[in-house]
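**Q** For reference, the structure I am asking about is given below.
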Amino acid sequence: MAAKDRAGSAPAAGAAGLPADVEAELGRARALLAAGTAAEAVPILLRMAEQGPPRLAVWLSLAEALIVVGDIERVDTLLRRMRQAGAAGEALDTLDRRYRALLRERCGVHQLGAPVVTPGWPADRAQPALIVRLRVVCPPRLDLDALERKLAEGFGFAMPPAAASAGGTAERVADLMLRLVVALQQAASLPAFDEGRLLCGTEPGEYMLFAPAGEDAAAIVAMNAAASIVGRFLAAGSGPADWRVAQDRFSEGAGQLLERLRQAASPTGNGVHYLRAAHRMGVPWRRYGGHVFQIGQGVHARWLDSSLTDRTPSVGVTMAQNKMVTATILRRAGLPAPPHGRAPTLEAARTVAERLGYPVVVKPANRDGGIGVAAGLEDEAALARAFATARELAEEVLVEKHVEGDDYRLVVMDGRVTWAIERVPGGVRGDGRSTLAELLAALNADPRRGDGKSASLQRVDWDEEAAHLAARHGLTLESVPAAGRFVRLRRITNVARGGMPVPFPLERVHPENIRLAIRAADALRLDLAGIDFITPDIGRPWHEVGGAINEVNARPSLGLITAGHLFGEIVDWLLAGGDGRIPIVAVVGDADGLAEPLARRIHAMMLERGLVAGLAVGAGAWVGSRQVAWDDRRGEAGGALLLTDRNVEAAVLAMPLAGLDVAGAPFDRCSVLVRLGGAGPPDLFEAGLAGRAADAIVAAAGEIARLDGCGTARRIPVVLVGADRSMRIERLAAAVAEGLAATDGKHR
């Protein structure tokens, strides 16, 4: 083995010159290593390395044995010690390569089984979650802060704060994994509101993660991607110097991963904001397929798909999406709409434009959101370019007369105008010093501006449209606009094309224009709509100064910049000012076979009070006195049935403990929880379920103390000793009635 003594303290290479006893001991260790019993060689070599003077032959053999047994920490320490002592050579380089291979083999994030997404609320989590078990193996001296910075920079978002309780390096990596799964979903506009939870497993380095699941498949994609990305960094080594290849692979795929996750989000971006508002208001919500969510329970339940509600007529939505039909309906109602004509061909478009007179607007007849719209077209060349773009998006193209004026959106909710914004087109305002290029760069430096659906505002790039509009005023990128002068760089005002929405005081909108917006929404039978109105002066009546309704949006994108408060207001309106909850009694466990007869007795008690009560037990489910299901409806299956039925005013659910770890509870909160049986401290899932009781926990007097610390609900102990079966049911039912007394009038 070749080596050289750079530091003056490294021993000579090979066994030559070793004392006879040392050479014999080393030979014995090497024989064990050659025989495949490295574990027996390690203690011999460790003793020789620790007790004798530094000897390279001993160190090299020890490093080889440690690599064979997979002792990463000791290998790392020994290799660094040899390098610091000045040792070098092919033998040491070979060991270093073998050590790197060992890191790639052992280090990483390993999933112990497939992740599970619960349809209900597991343990103490605030929303349905993805549950996964992981084993984390870290390289020595891992620079975890640098790893977190790499992830945040690569994805372009800030990571949620680390858990204060995270301890060793492996636990901190598991916590980083959890935070990354949350951040990925949030960056994709998925409803992941809970911070999640991390639990240590029974073996060192093993953990259970509870990550919020905004959408089932997307949550699994996020978890698998996070495990793969973090695992590759861990397997590559301890810090940035080791991560070049892992960093390159990560950088190549980060954008594609985010785009894949965004495919699962609401296309308008409204859905997540409604759910966040409901979550903050304490309103229960539940996922459906596609982009549909339910807010509220039972009789109070409402559906939302973006800004479409369960009372928005599909016929009205279809007509609002067809601009020609919308214009016809508005004119019949006596409301102003721009004159237009259908243009199946470019020649037809030229004919319509000549009839209407330039400038004109070209738009796809059945698209919304400003997609494919070109306004202010002044000649045939501009018309031809705009027609080609619109024709790629829709078979029907509309040419309409351009209306001069400022662009406003009036939000109509349940026959009331609740909000107004002025939609300022993409452009810049001069300061008398900066060039147009500098002003545009400053505009796009706004962190809210970006590309794609995830950005609150869109960039305004210097393109053919911007150059044309600037040239109309004699400006180029090198021009310096006068202070206060606004340079328009986009023909339309939509946010999707770089526009900026600015709140506009309702008191400055003339009452006639308020009534115009209300009548437009009503003409299409829409309960929630965005009315786009162009007028030279919104403070004066439209029939005096002119103007036109440019578009009626049945699914208005509200956004957070100017109308974030509207999401909570709309949730409150849908639930008529209530919290959307119904009284729920959960009967947990089945000591002595009491669960089903007790649940039936509580259900009968609710029916006697005049409530349309639902019941879910092993024999099926009932709504009122009518049976609606004949299979086992205990747990999540029964909750999903009753809490989504618009007839149910109260619910009684039998809840077995088995399955809580894969299904969760069917509610985030219940009114009264009855615990039948149980011994010893409750586990994570039982404790979480008991903690969901809002008003009372009912249990046998001798058993209720075991639930101390599970939530803050009032405890109602029931004396069952000495009572026969029917008497026990009656006493428990009476205690439930006592607990429900606190619920009366609380929900609506």
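Here's how to read the names in the structure tokens: chain A, B, ... by the order shown, residue numbers from 1 in each chain, ligand numbers from 1 in the order shown.
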Which residues, written as a PyMOL selection string, have at least one atom at most 6 Å from stretch 236-248 of chain A, with only C-alpha atoms counted and residues fewer than 5 positions away on the same chain left out?
**A** chain A and resi 139+141-143
**Q** Output the selection as an mmCIF file, in the first residue's frame - N, CA and C atoms for each residue.
**A**
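Writing done, so here's again31.cif:
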data_model
loop_
_atom_site.group_PDB
_atom_site.id
_atom_site.type_symbol
_atom_site.label_atom_id
_atom_site.label_comp_id
_atom_site.auth_asym_id
_atom_site.auth_seq_id
_atom_site.Cartn_x
_atom_site.Cartn_y
_atom_site.Cartn_z
ATOM 1 N N PRO A 139 -26.096 10.843 6.384
ATOM 2 C CA PRO A 139 -24.636 10.774 6.366
ATOM 3 C C PRO A 139 -24.074 11.548 7.559
ATOM 4 N N ARG A 141 -22.238 14.345 9.734
ATOM 5 C CA ARG A 141 -22.001 15.787 9.590
ATOM 6 C C ARG A 141 -22.912 16.422 8.536
ATOM 7 N N LEU A 142 -24.139 15.975 8.428
ATOM 8 C CA LEU A 142 -25.071 16.517 7.436
ATOM 9 C C LEU A 142 -25.323 18.003 7.692
ATOM 10 N N ASP A 143 -25.147 18.824 6.657
ATOM 11 C CA ASP A 143 -25.435 20.263 6.745
ATOM 12 C C ASP A 143 -26.912 20.450 6.408
#
**Q** As a ChimeraX atom specification, please: every residue in stretch 273-444 of chain A that a backbone DSSP assignment puts in strand (DSSP E).
**A** /A:285-287,292-295,302-305,308-309,340-342,360-364,374-377,397-401,406-413,416-424,427-429
**Q** DSSP on the backbone: what in stretch 466-641 of chain A comes out helix (DSSP H, G or I), as JSON, numbers by chain?
**A** {"A": [466, 467, 468, 469, 470, 471, 495, 496, 497, 506, 507, 508, 511, 512, 513, 514, 515, 516, 517, 518, 519, 520, 521, 522, 523, 542, 543, 544, 545, 565, 566, 567, 568, 569, 570, 571, 572, 573, 574, 591, 592, 593, 595, 596, 597, 598, 599, 600, 601, 602, 603, 604, 605, 606, 607, 608, 636, 637, 638, 639, 640, 641]}
**Q** Looking at only C-alpha atoms, which of A:Ala650, A:Ala333, A:Leu506, A:Leu377 is the one that sits closest to A:Glu354?
**A**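 For A:Glu354, the nearest of the candidates is A:Leu377.
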**Q** Within 12 Å of A:Val399, counting only C-alpha atoms, which residues qualify if same-chain residues fewer than 3 places away don't, as a short mmCIF file (atom, residue, chain, number, x, y, z; two decimals) with all heavy atoms, in the first residue's frame?
**A**
data_model
loop_
_atom_site.label_atom_id
_atom_site.label_comp_id
_atom_site.auth_asym_id
_atom_site.auth_seq_id
_atom_site.Cartn_x
_atom_site.Cartn_y
_atom_site.Cartn_z
N LYS A 323 -70.67 34.16 -25.42
CA LYS A 323 -70.75 35.62 -25.42
C LYS A 323 -71.86 36.15 -26.32
O LYS A 323 -72.48 37.18 -26.02
CB LYS A 323 -69.39 36.20 -25.81
CG LYS A 323 -68.31 35.90 -24.77
CD LYS A 323 -66.95 36.36 -25.23
CE LYS A 323 -65.92 36.19 -24.12
NZ LYS A 323 -65.83 34.81 -23.63
N MET A 324 -72.13 35.46 -27.41
CA MET A 324 -73.20 35.93 -28.29
C MET A 324 -74.56 35.75 -27.62
O MET A 324 -75.42 36.65 -27.68
CB MET A 324 -73.16 35.16 -29.61
CG MET A 324 -71.91 35.42 -30.43
SD MET A 324 -72.08 34.87 -32.13
CE MET A 324 -73.27 36.03 -32.77
N PRO A 338 -72.06 45.50 -26.27
CA PRO A 338 -71.45 46.00 -27.51
C PRO A 338 -72.05 45.30 -28.73
O PRO A 338 -72.31 44.09 -28.69
CB PRO A 338 -69.97 45.65 -27.36
CG PRO A 338 -69.77 45.35 -25.91
CD PRO A 338 -71.07 44.83 -25.41
N PRO A 339 -72.27 46.02 -29.84
CA PRO A 339 -72.71 45.36 -31.08
C PRO A 339 -71.61 44.42 -31.58
O PRO A 339 -70.42 44.69 -31.42
CB PRO A 339 -72.94 46.52 -32.05
CG PRO A 339 -72.14 47.66 -31.50
CD PRO A 339 -72.12 47.48 -30.01
N HIS A 340 -72.01 43.30 -32.15
CA HIS A 340 -71.03 42.30 -32.55
C HIS A 340 -71.56 41.50 -33.74
O HIS A 340 -72.70 41.67 -34.17
CB HIS A 340 -70.75 41.35 -31.38
CG HIS A 340 -71.94 40.53 -30.97
ND1 HIS A 340 -72.71 40.84 -29.88
CD2 HIS A 340 -72.54 39.45 -31.54
CE1 HIS A 340 -73.69 39.98 -29.77
NE2 HIS A 340 -73.62 39.13 -30.77
N GLY A 341 -70.71 40.63 -34.23
CA GLY A 341 -71.10 39.72 -35.30
C GLY A 341 -70.27 38.46 -35.24
O GLY A 341 -69.12 38.47 -34.77
N ARG A 342 -70.87 37.35 -35.70
CA ARG A 342 -70.17 36.07 -35.72
C ARG A 342 -69.23 36.06 -36.93
O ARG A 342 -69.58 36.54 -38.00
CB ARG A 342 -71.18 34.94 -35.81
CG ARG A 342 -70.55 33.56 -35.76
CD ARG A 342 -71.59 32.46 -35.90
NE ARG A 342 -72.35 32.25 -34.66
CZ ARG A 342 -73.60 32.60 -34.47
NH1 ARG A 342 -74.26 33.21 -35.45
NH2 ARG A 342 -74.21 32.37 -33.34
N ALA A 343 -68.02 35.49 -36.71
CA ALA A 343 -67.02 35.48 -37.78
C ALA A 343 -66.43 34.09 -37.93
O ALA A 343 -65.39 33.79 -37.33
CB ALA A 343 -65.93 36.51 -37.49
N PRO A 344 -67.05 33.22 -38.73
CA PRO A 344 -66.50 31.87 -38.91
C PRO A 344 -65.21 31.86 -39.74
O PRO A 344 -64.43 30.92 -39.67
CB PRO A 344 -67.62 31.12 -39.63
CG PRO A 344 -68.43 32.20 -40.29
CD PRO A 344 -68.33 33.40 -39.42
N THR A 345 -64.99 32.90 -40.53
CA THR A 345 -63.79 32.98 -41.36
C THR A 345 -63.17 34.36 -41.22
O THR A 345 -63.80 35.31 -40.73
CB THR A 345 -64.12 32.74 -42.84
OG1 THR A 345 -64.97 33.82 -43.30
CG2 THR A 345 -64.83 31.41 -43.04
N LEU A 346 -61.92 34.49 -41.69
CA LEU A 346 -61.26 35.79 -41.64
C LEU A 346 -61.99 36.79 -42.53
O LEU A 346 -62.13 37.97 -42.17
CB LEU A 346 -59.80 35.64 -42.08
CG LEU A 346 -58.98 36.93 -42.16
CD1 LEU A 346 -58.95 37.64 -40.81
CD2 LEU A 346 -57.55 36.63 -42.63
N GLU A 347 -62.47 36.33 -43.66
CA GLU A 347 -63.21 37.24 -44.54
C GLU A 347 -64.47 37.76 -43.84
O GLU A 347 -64.81 38.95 -43.94
CB GLU A 347 -63.59 36.51 -45.84
CG GLU A 347 -64.21 37.41 -46.90
CD GLU A 347 -63.31 38.57 -47.28
OE1 GLU A 347 -62.07 38.37 -47.39
OE2 GLU A 347 -63.84 39.70 -47.44
N ALA A 348 -65.16 36.86 -43.11
CA ALA A 348 -66.34 37.30 -42.37
C ALA A 348 -65.95 38.29 -41.28
O ALA A 348 -66.67 39.26 -41.01
CB ALA A 348 -67.04 36.09 -41.76
N ALA A 349 -64.80 38.07 -40.64
CA ALA A 349 -64.33 38.99 -39.61
C ALA A 349 -64.08 40.37 -40.20
O ALA A 349 -64.42 41.40 -39.59
CB ALA A 349 -63.06 38.44 -38.96
N ARG A 350 -63.47 40.42 -41.39
CA ARG A 350 -63.23 41.72 -42.04
C ARG A 350 -64.55 42.42 -42.34
O ARG A 350 -64.70 43.63 -42.14
CB ARG A 350 -62.45 41.51 -43.34
CG ARG A 350 -61.00 41.05 -43.14
CD ARG A 350 -60.24 41.20 -44.45
NE ARG A 350 -58.87 40.72 -44.33
CZ ARG A 350 -58.43 39.58 -44.82
NH1 ARG A 350 -59.28 38.76 -45.48
NH2 ARG A 350 -57.17 39.22 -44.68
N THR A 351 -65.53 41.64 -42.79
CA THR A 351 -66.83 42.23 -43.13
C THR A 351 -67.50 42.81 -41.90
O THR A 351 -68.04 43.94 -41.93
CB THR A 351 -67.75 41.16 -43.76
OG1 THR A 351 -67.12 40.65 -44.93
CG2 THR A 351 -69.10 41.74 -44.11
N VAL A 352 -67.48 42.06 -40.79
CA VAL A 352 -68.09 42.55 -39.55
C VAL A 352 -67.37 43.80 -39.06
O VAL A 352 -68.00 44.79 -38.64
CB VAL A 352 -68.07 41.46 -38.46
CG1 VAL A 352 -68.59 42.02 -37.13
CG2 VAL A 352 -68.91 40.27 -38.90
N ALA A 353 -66.03 43.78 -39.11
CA ALA A 353 -65.26 44.93 -38.63
C ALA A 353 -65.57 46.18 -39.45
O ALA A 353 -65.68 47.30 -38.90
CB ALA A 353 -63.77 44.60 -38.68
N GLU A 354 -65.70 46.01 -40.79
CA GLU A 354 -66.02 47.16 -41.63
C GLU A 354 -67.41 47.70 -41.32
O GLU A 354 -67.66 48.91 -41.33
CB GLU A 354 -65.91 46.76 -43.10
CG GLU A 354 -64.48 46.51 -43.55
CD GLU A 354 -64.40 45.87 -44.93
OE1 GLU A 354 -65.49 45.65 -45.52
OE2 GLU A 354 -63.29 45.57 -45.39
N ARG A 355 -68.34 46.77 -41.03
CA ARG A 355 -69.71 47.21 -40.70
C ARG A 355 -69.75 47.95 -39.38
O ARG A 355 -70.43 48.99 -39.25
CB ARG A 355 -70.64 46.00 -40.66
CG ARG A 355 -72.06 46.31 -40.18
CD ARG A 355 -72.98 45.14 -40.38
NE ARG A 355 -72.53 43.94 -39.71
CZ ARG A 355 -72.75 43.69 -38.41
NH1 ARG A 355 -73.39 44.58 -37.66
NH2 ARG A 355 -72.32 42.57 -37.88
N LEU A 356 -69.02 47.44 -38.36
CA LEU A 356 -69.03 48.08 -37.05
C LEU A 356 -68.17 49.33 -37.01
O LEU A 356 -68.45 50.27 -36.27
CB LEU A 356 -68.53 47.08 -35.99
CG LEU A 356 -69.37 45.82 -35.77
CD1 LEU A 356 -68.68 44.89 -34.76
CD2 LEU A 356 -70.76 46.18 -35.26
N GLY A 357 -67.09 49.30 -37.80
CA GLY A 357 -66.14 50.40 -37.78
C GLY A 357 -65.04 50.15 -36.77
O GLY A 357 -65.30 49.73 -35.64
N TYR A 358 -63.79 50.38 -37.20
CA TYR A 358 -62.65 50.20 -36.29
C TYR A 358 -62.65 51.32 -35.25
O TYR A 358 -63.17 52.41 -35.52
CB TYR A 358 -61.34 50.21 -37.08
CG TYR A 358 -61.12 48.97 -37.92
CD1 TYR A 358 -61.47 48.95 -39.27
CD2 TYR A 358 -60.57 47.82 -37.36
CE1 TYR A 358 -61.27 47.81 -40.05
CE2 TYR A 358 -60.36 46.68 -38.13
CZ TYR A 358 -60.71 46.68 -39.47
OH TYR A 358 -60.52 45.55 -40.23
N PRO A 359 -62.11 51.09 -34.05
CA PRO A 359 -61.45 49.86 -33.56
C PRO A 359 -62.49 48.80 -33.15
O PRO A 359 -63.62 49.12 -32.80
CB PRO A 359 -60.64 50.34 -32.36
CG PRO A 359 -61.41 51.51 -31.84
CD PRO A 359 -62.01 52.18 -33.05
N VAL A 360 -62.02 47.53 -33.18
CA VAL A 360 -62.89 46.41 -32.81
C VAL A 360 -62.16 45.50 -31.83
O VAL A 360 -60.97 45.64 -31.56
CB VAL A 360 -63.31 45.59 -34.06
CG1 VAL A 360 -64.17 46.43 -34.99
CG2 VAL A 360 -62.08 45.03 -34.77
N VAL A 361 -62.94 44.55 -31.31
CA VAL A 361 -62.42 43.53 -30.40
C VAL A 361 -62.67 42.17 -31.03
O VAL A 361 -63.75 41.94 -31.59
CB VAL A 361 -63.12 43.61 -29.01
CG1 VAL A 361 -62.61 42.50 -28.09
CG2 VAL A 361 -62.92 44.97 -28.38
N VAL A 362 -61.69 41.27 -30.93
CA VAL A 362 -61.85 39.89 -31.38
C VAL A 362 -61.73 38.98 -30.17
O VAL A 362 -60.81 39.14 -29.36
CB VAL A 362 -60.80 39.52 -32.45
CG1 VAL A 362 -60.80 38.01 -32.71
CG2 VAL A 362 -61.07 40.27 -33.75
N LYS A 363 -62.64 38.02 -30.04
CA LYS A 363 -62.59 37.10 -28.90
C LYS A 363 -63.20 35.76 -29.28
O LYS A 363 -64.12 35.70 -30.11
CB LYS A 363 -63.33 37.70 -27.70
CG LYS A 363 -64.78 38.04 -27.95
CD LYS A 363 -65.48 38.60 -26.71
CE LYS A 363 -65.00 39.97 -26.35
NZ LYS A 363 -65.79 40.56 -25.24
N PRO A 364 -62.72 34.66 -28.67
CA PRO A 364 -63.41 33.38 -28.83
C PRO A 364 -64.81 33.49 -28.23
O PRO A 364 -65.00 34.10 -27.17
CB PRO A 364 -62.54 32.40 -28.03
CG PRO A 364 -61.23 33.09 -27.84
CD PRO A 364 -61.53 34.55 -27.81
N ALA A 365 -65.78 32.87 -28.88
CA ALA A 365 -67.16 33.07 -28.44
C ALA A 365 -67.49 32.34 -27.15
O ALA A 365 -68.43 32.71 -26.45
CB ALA A 365 -68.13 32.62 -29.54
N VAL A 373 -58.53 37.07 -26.14
CA VAL A 373 -59.19 38.34 -26.43
C VAL A 373 -58.15 39.37 -26.88
O VAL A 373 -57.09 39.52 -26.26
CB VAL A 373 -59.96 38.86 -25.20
CG1 VAL A 373 -60.55 40.24 -25.49
CG2 VAL A 373 -61.04 37.88 -24.80
N ALA A 374 -58.46 40.09 -27.94
CA ALA A 374 -57.62 41.20 -28.41
C ALA A 374 -58.52 42.41 -28.61
O ALA A 374 -59.50 42.35 -29.37
CB ALA A 374 -56.91 40.83 -29.70
N ALA A 375 -58.22 43.50 -27.93
CA ALA A 375 -59.07 44.70 -27.97
C ALA A 375 -58.33 45.84 -28.67
O ALA A 375 -57.11 45.82 -28.82
CB ALA A 375 -59.48 45.10 -26.56
N GLY A 376 -59.11 46.84 -29.08
CA GLY A 376 -58.53 48.05 -29.67
C GLY A 376 -57.84 47.80 -31.00
O GLY A 376 -56.85 48.48 -31.32
N LEU A 377 -58.34 46.86 -31.80
CA LEU A 377 -57.72 46.56 -33.09
C LEU A 377 -58.11 47.64 -34.10
O LEU A 377 -59.30 47.90 -34.32
CB LEU A 377 -58.17 45.18 -33.58
CG LEU A 377 -57.95 44.03 -32.58
CD1 LEU A 377 -58.52 42.74 -33.13
CD2 LEU A 377 -56.47 43.87 -32.27
N LEU A 383 -56.38 42.81 -37.05
CA LEU A 383 -57.56 41.94 -37.03
C LEU A 383 -57.17 40.51 -37.44
O LEU A 383 -57.60 39.54 -36.80
CB LEU A 383 -58.62 42.49 -37.97
CG LEU A 383 -59.90 41.65 -38.12
CD1 LEU A 383 -60.77 41.79 -36.88
CD2 LEU A 383 -60.68 42.06 -39.37
N ALA A 384 -56.36 40.38 -38.49
CA ALA A 384 -55.98 39.05 -38.98
C ALA A 384 -55.18 38.29 -37.94
O ALA A 384 -55.38 37.09 -37.72
CB ALA A 384 -55.19 39.19 -40.28
N ALA A 386 -55.22 38.72 -34.64
CA ALA A 386 -56.10 38.39 -33.52
C ALA A 386 -57.06 37.26 -33.88
O ALA A 386 -57.34 36.37 -33.06
CB ALA A 386 -56.89 39.63 -33.09
N PHE A 387 -57.57 37.26 -35.12
CA PHE A 387 -58.48 36.20 -35.55
C PHE A 387 -57.78 34.85 -35.53
O PHE A 387 -58.35 33.84 -35.10
CB PHE A 387 -59.03 36.51 -36.94
CG PHE A 387 -59.97 35.45 -37.45
CD1 PHE A 387 -61.32 35.49 -37.12
CD2 PHE A 387 -59.52 34.40 -38.24
CE1 PHE A 387 -62.19 34.51 -37.57
CE2 PHE A 387 -60.37 33.41 -38.69
CZ PHE A 387 -61.72 33.47 -38.36
N ALA A 390 -57.58 33.63 -31.90
CA ALA A 390 -58.88 33.23 -31.36
C ALA A 390 -59.37 31.95 -32.02
O ALA A 390 -59.98 31.09 -31.35
CB ALA A 390 -59.89 34.35 -31.56
N ARG A 391 -59.08 31.78 -33.30
CA ARG A 391 -59.58 30.61 -34.02
C ARG A 391 -58.90 29.32 -33.54
O ARG A 391 -59.50 28.24 -33.63
CB ARG A 391 -59.31 30.80 -35.52
CG ARG A 391 -60.05 29.82 -36.40
CD ARG A 391 -61.57 30.06 -36.34
NE ARG A 391 -62.28 29.16 -37.24
CZ ARG A 391 -62.52 27.88 -37.01
NH1 ARG A 391 -62.12 27.34 -35.87
NH2 ARG A 391 -63.19 27.14 -37.87
N GLU A 396 -65.96 29.12 -32.85
CA GLU A 396 -66.74 30.34 -33.05
C GLU A 396 -65.93 31.54 -32.59
O GLU A 396 -65.42 31.57 -31.47
CB GLU A 396 -68.05 30.29 -32.28
CG GLU A 396 -69.20 29.66 -33.05
CD GLU A 396 -70.54 30.02 -32.42
OE1 GLU A 396 -70.85 29.46 -31.37
OE2 GLU A 396 -71.25 30.86 -32.99
N HIS A 402 -65.34 48.01 -30.32
CA HIS A 402 -64.55 48.39 -29.15
C HIS A 402 -65.24 49.55 -28.42
O HIS A 402 -65.68 50.52 -29.04
CB HIS A 402 -63.15 48.83 -29.59
CG HIS A 402 -62.26 49.24 -28.45
ND1 HIS A 402 -61.59 48.35 -27.67
CD2 HIS A 402 -61.95 50.48 -27.97
CE1 HIS A 402 -60.89 48.99 -26.76
NE2 HIS A 402 -61.10 50.29 -26.92
#
